[in-house]
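Below is the file upload33.cif, which contains mmCIF, C-alpha atoms.
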```
data_start
#
loop_
_atom_site.label_atom_id
_atom_site.label_comp_id
_atom_site.auth_asym_id
_atom_site.auth_seq_id
_atom_site.Cartn_x
_atom_site.Cartn_y
_atom_site.Cartn_z
CA MET A 1 -36.21 -121.90 -61.38
CA SER A 2 -36.30 -120.68 -57.81
CA LEU A 3 -33.10 -120.11 -55.88
CA PRO A 4 -32.49 -122.10 -52.67
CA LEU A 5 -33.58 -120.37 -49.47
CA ARG A 6 -30.84 -119.82 -46.86
CA ILE A 7 -31.44 -118.64 -43.30
CA ALA A 8 -29.40 -115.82 -41.79
CA THR A 9 -29.43 -113.15 -39.08
CA LEU A 10 -28.97 -109.39 -38.92
CA CYS A 11 -28.14 -107.91 -35.51
CA PHE A 12 -28.34 -104.27 -34.44
CA ILE A 13 -26.29 -103.47 -31.31
CA TYR A 14 -27.24 -100.29 -29.46
CA ARG A 15 -25.68 -98.16 -26.74
CA LYS A 16 -27.70 -95.08 -25.85
CA ASP A 17 -28.29 -93.26 -29.17
CA ARG A 18 -25.56 -95.06 -31.06
CA THR A 19 -25.50 -98.21 -33.18
CA LEU A 20 -22.49 -100.47 -33.69
CA LEU A 21 -21.77 -101.37 -37.31
CA LEU A 22 -19.01 -103.12 -39.23
CA ASP A 23 -17.12 -100.87 -41.61
CA PHE A 24 -16.24 -102.62 -44.87
CA ARG A 25 -15.54 -99.41 -46.81
CA ASP A 26 -11.85 -100.21 -47.24
CA THR A 27 -12.48 -103.82 -48.25
CA GLN A 28 -12.01 -104.48 -51.94
CA ASP A 29 -12.25 -108.26 -52.09
CA HIS A 30 -15.21 -110.39 -53.13
CA LEU A 31 -17.24 -109.89 -49.94
CA ILE A 32 -20.87 -108.98 -50.46
CA HIS A 33 -20.24 -106.09 -48.05
CA ALA A 34 -17.20 -104.56 -49.81
CA GLY A 35 -17.45 -100.78 -49.70
CA LYS A 36 -20.43 -100.84 -47.29
CA VAL A 37 -21.25 -100.45 -43.63
CA SER A 38 -23.36 -103.24 -42.14
CA PRO A 39 -24.77 -104.62 -38.90
CA ALA A 40 -23.41 -107.94 -37.62
CA GLY A 41 -25.02 -111.08 -38.94
CA GLY A 42 -24.60 -114.08 -41.12
CA LYS A 43 -25.61 -117.55 -42.21
CA PHE A 44 -27.30 -120.11 -40.01
CA GLU A 45 -25.03 -123.16 -39.84
CA GLU A 46 -26.54 -126.44 -38.68
CA SER A 47 -23.14 -127.67 -37.50
CA LYS A 48 -22.73 -124.65 -35.18
CA ASP A 49 -26.23 -123.34 -34.35
CA ARG A 50 -29.13 -125.05 -32.60
CA THR A 51 -31.45 -122.08 -33.10
CA ILE A 52 -31.56 -118.90 -35.14
CA GLU A 53 -30.87 -116.93 -31.96
CA ASP A 54 -27.74 -119.06 -31.44
CA CYS A 55 -26.69 -118.00 -34.94
CA ALA A 56 -27.19 -114.32 -34.06
CA ARG A 57 -25.09 -114.64 -30.90
CA ARG A 58 -22.35 -116.55 -32.72
CA GLU A 59 -22.18 -114.01 -35.54
CA ILE A 60 -21.91 -111.08 -33.10
CA LEU A 61 -19.12 -112.89 -31.26
CA GLU A 62 -17.26 -113.90 -34.43
CA GLU A 63 -17.53 -110.54 -36.17
CA MET A 64 -17.22 -108.13 -33.24
CA LYS A 65 -15.86 -110.18 -30.30
CA ILE A 66 -18.93 -109.06 -28.32
CA ILE A 67 -21.01 -111.34 -26.09
CA ALA A 68 -24.73 -110.70 -26.52
CA ARG A 69 -26.35 -111.30 -23.15
CA SER A 70 -29.87 -110.86 -24.48
CA LEU A 71 -31.45 -110.35 -27.88
CA VAL A 72 -34.83 -108.92 -28.87
CA TYR A 73 -36.43 -110.53 -31.91
CA ARG A 74 -37.70 -107.88 -34.33
CA GLY A 75 -38.76 -109.78 -37.39
CA LYS A 76 -38.07 -111.61 -40.60
CA VAL A 77 -37.17 -110.25 -44.02
CA THR A 78 -37.08 -112.42 -47.12
CA PHE A 79 -34.64 -111.22 -49.74
CA LEU A 80 -35.79 -112.42 -53.16
CA ASN A 81 -32.74 -112.49 -55.41
CA GLU A 82 -33.86 -114.35 -58.53
CA ASN A 83 -32.30 -111.72 -60.81
CA ARG A 84 -29.93 -110.06 -58.34
CA THR A 85 -26.28 -109.38 -58.93
CA ILE A 86 -23.66 -107.87 -56.64
CA ASN A 87 -20.51 -106.57 -58.26
CA ASN A 88 -21.83 -108.14 -61.50
CA LYS A 89 -21.97 -111.60 -59.92
CA PRO A 90 -25.31 -113.44 -59.66
CA MET A 91 -26.68 -114.20 -56.21
CA LYS A 92 -26.99 -117.94 -55.61
CA ASN A 93 -29.61 -117.85 -52.85
CA ASN A 94 -32.74 -116.20 -51.60
CA TRP A 95 -32.41 -115.30 -47.93
CA GLU A 96 -34.73 -115.48 -44.93
CA VAL A 97 -33.08 -113.01 -42.56
CA HIS A 98 -34.09 -112.83 -38.90
CA VAL A 99 -33.54 -109.40 -37.37
CA TYR A 100 -32.51 -108.84 -33.74
CA ASP A 101 -31.79 -105.89 -31.48
CA CYS A 102 -29.18 -106.13 -28.73
CA PHE A 103 -29.03 -103.65 -25.84
CA ASP A 104 -27.39 -105.90 -23.23
CA PHE A 105 -23.90 -107.08 -24.14
CA ASP A 106 -20.32 -107.40 -22.96
CA ASP A 107 -18.00 -105.49 -25.29
CA SER A 108 -14.91 -105.61 -23.05
CA ASN A 109 -13.14 -107.72 -25.70
CA ALA A 110 -14.58 -105.94 -28.75
CA LYS A 111 -12.00 -105.40 -31.44
CA VAL A 112 -11.42 -105.08 -35.12
CA GLY A 113 -11.65 -108.55 -36.56
CA ASP A 114 -11.34 -110.19 -39.93
CA TYR A 115 -14.68 -108.72 -40.95
CA GLY A 116 -14.08 -104.98 -40.77
CA ALA A 117 -13.54 -102.16 -38.31
CA LEU A 118 -16.10 -101.49 -35.58
CA LEU A 119 -17.90 -98.19 -35.94
CA TRP A 120 -20.22 -96.60 -33.35
CA ILE A 121 -22.59 -94.27 -35.24
CA ASP A 122 -25.17 -91.81 -33.93
CA ARG A 123 -28.52 -93.24 -35.02
CA GLU A 124 -29.48 -90.15 -36.99
CA GLY A 125 -26.29 -90.47 -39.06
CA ILE A 126 -26.70 -94.10 -40.13
CA LEU A 127 -28.69 -93.35 -43.27
CA ASP A 128 -25.86 -91.11 -44.52
CA LEU A 129 -23.53 -94.14 -44.70
CA PRO A 130 -23.03 -96.51 -47.66
CA LEU A 131 -25.54 -99.20 -46.63
CA HIS A 132 -27.03 -102.05 -48.58
CA GLU A 133 -30.39 -100.78 -49.83
CA GLY A 134 -32.22 -103.60 -48.04
CA ASP A 135 -30.56 -102.64 -44.74
CA ARG A 136 -31.56 -99.04 -45.43
CA VAL A 137 -35.24 -100.07 -45.74
CA ILE A 138 -35.06 -102.06 -42.50
CA ILE A 139 -33.34 -99.22 -40.61
CA ARG A 140 -35.40 -96.35 -42.04
CA ASP A 141 -38.85 -97.85 -42.55
CA TRP A 142 -39.40 -100.86 -40.30
CA LEU A 143 -37.24 -100.76 -37.14
CA PRO A 144 -38.43 -97.33 -35.92
CA LYS A 145 -42.13 -98.05 -36.59
CA TYR A 146 -42.77 -101.66 -35.61
CA LYS A 147 -42.14 -103.83 -32.58
CA GLN A 148 -42.13 -106.82 -34.93
CA PHE A 149 -42.44 -107.07 -38.69
CA GLU A 150 -42.25 -109.37 -41.65
CA GLY A 151 -41.22 -108.09 -45.05
CA GLU A 152 -39.92 -108.95 -48.49
CA ILE A 153 -37.21 -107.17 -50.42
CA VAL A 154 -36.89 -107.82 -54.14
CA HIS A 155 -33.83 -107.09 -56.28
CA VAL A 156 -33.40 -107.00 -60.03
CA GLY A 157 -29.77 -106.76 -61.06
CA GLU A 158 -28.05 -104.61 -58.46
CA LYS A 159 -31.16 -102.50 -57.74
CA LEU A 160 -33.71 -102.93 -55.01
CA THR A 161 -37.01 -102.81 -56.90
CA GLU A 162 -39.57 -103.49 -54.20
CA ALA A 163 -39.83 -103.57 -50.41
CA ARG A 164 -43.10 -104.99 -49.07
CA LEU A 165 -44.22 -104.99 -45.47
CA ILE A 166 -46.26 -108.19 -45.10
CA SER A 167 -47.26 -107.95 -41.45
CA SER A 168 -46.38 -105.87 -38.42
CA ILE A 169 -47.02 -105.15 -34.78
CA GLY A 170 -46.80 -101.43 -33.95
CA LEU A 171 -44.56 -100.00 -31.24
#
```

Step by step, read the file and then write its structure as structure tokens.
Amino acid sequence: MSLPLRIATLCFIYRKDRTLLLDFRDTQDHLIHAGKVSPAGGKFEESKDRTIEDCARREILEEMKIIARSLVYRGKVTFLNENRTINNKPMKNNWEVHVYDCFDFDDSNAKVGDYGALLWIDREGILDLPLHEGDRVIIRDWLPKYKQFEGEIVHVGEKLTEARLISSIGL
């Protein structure tokens, strides 16, 4: 039986050679991100979002208190989670995640929110952080090489077992 497909966003915010991430390393509750560092993003909600880009803007605002003035669409990644677990709990959905870059934003009200501390990281140091393996593939393999991309990431248990680039447009 196939899991339901949910739509979500993942948003990378950049200033010069640094990337803004949420730091969940001190979080010990049930969050999927507990113990990790992650870009902003989240679920598309029909009651709040007219478009996927609206979702990206809303998530950045909710999680970081930052207003995204413009977003650059980078691609779509489907996370196939039929046998995936996180913290020994089964995933209930597959995810179609739309990836955006943000270079133009107002962070005058940025602050630590309910989602984790804000952490500006030099781009070359991101891969040294405790990332979700799927985020690591996106950051390491697809964002620096392609203007736009479509990929699939497959998990079995808690391990990423396959990352497939389906289509791409070079930089």

Residues in the PyMOL selection byres ((chain A and resi 130) around 12), expressed as a list in words = Leu21, Leu22, Asp23, Phe24, Arg25, Asp26, His33, Ala34, Gly35, Lys36, Val37, Ser38, Gly125, Ile126, Leu127, Asp128, Leu129, Leu131, His132, Glu133, Gly134, Asp135 and Arg136 of chain A

For Gly75 (chain A), which residue among A:Arg140, A:Arg57, A:Lys147, A:Lys43 is the nearest when counting all atoms listed in the file?
->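 Of A:Arg140, A:Arg57, A:Lys147, A:Lys43, the one nearest Gly75 (chain A) is A:Lys147, counting all atoms listed in the file.
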
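When all atoms listed in the file are used to compute distances to Glu63 (chain A), the closest of the residues A:Leu80, A:Ile13, A:Val99, A:Leu118 turns out to be A:Leu118.
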
Might you pull out every residue within 12 Å of Glu46 (chain A), with only C-alpha atoms counted and same-chain residues fewer than 2 positions away left off, and present them as a PyMOL selection string?
-> chain A and resi 6-8+43-44+48-52+54-55

Residue nearest Val77 (chain A) - candidates A:Ala110, A:Leu61, A:Val97, A:Val137, atoms counted: all atoms listed in the file =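 Closest candidate: A:Val97.
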
May I ask for the distance between CA of Arg58 (chain A) and CA of Ser2 (chain A), given in Å to one decimal place?
-> 29.0 Å

Best match for closeness to Met91 (chain A) among A:Tyr14, A:Tyr73, A:Phe79, A:Trp120, counting all atoms listed in the file = A:Phe79

Residues selected by the PyMOL selection byres ((chain A and resi 81-88) around 7), written as a list in words = Ser2, Leu3, Ile32, Phe79, Leu80, Lys89, Pro90, Met91, Asn93, Asn94, Val154, His155, Val156, Gly157 and Glu158 of chain A

Within 7 Å of Leu10 (chain A), counting all atoms listed in the file, which residues qualify if same-chain residues fewer than 2 places away don't, as a ChimeraX atom specification?
-> /A:12,39-42,97-100
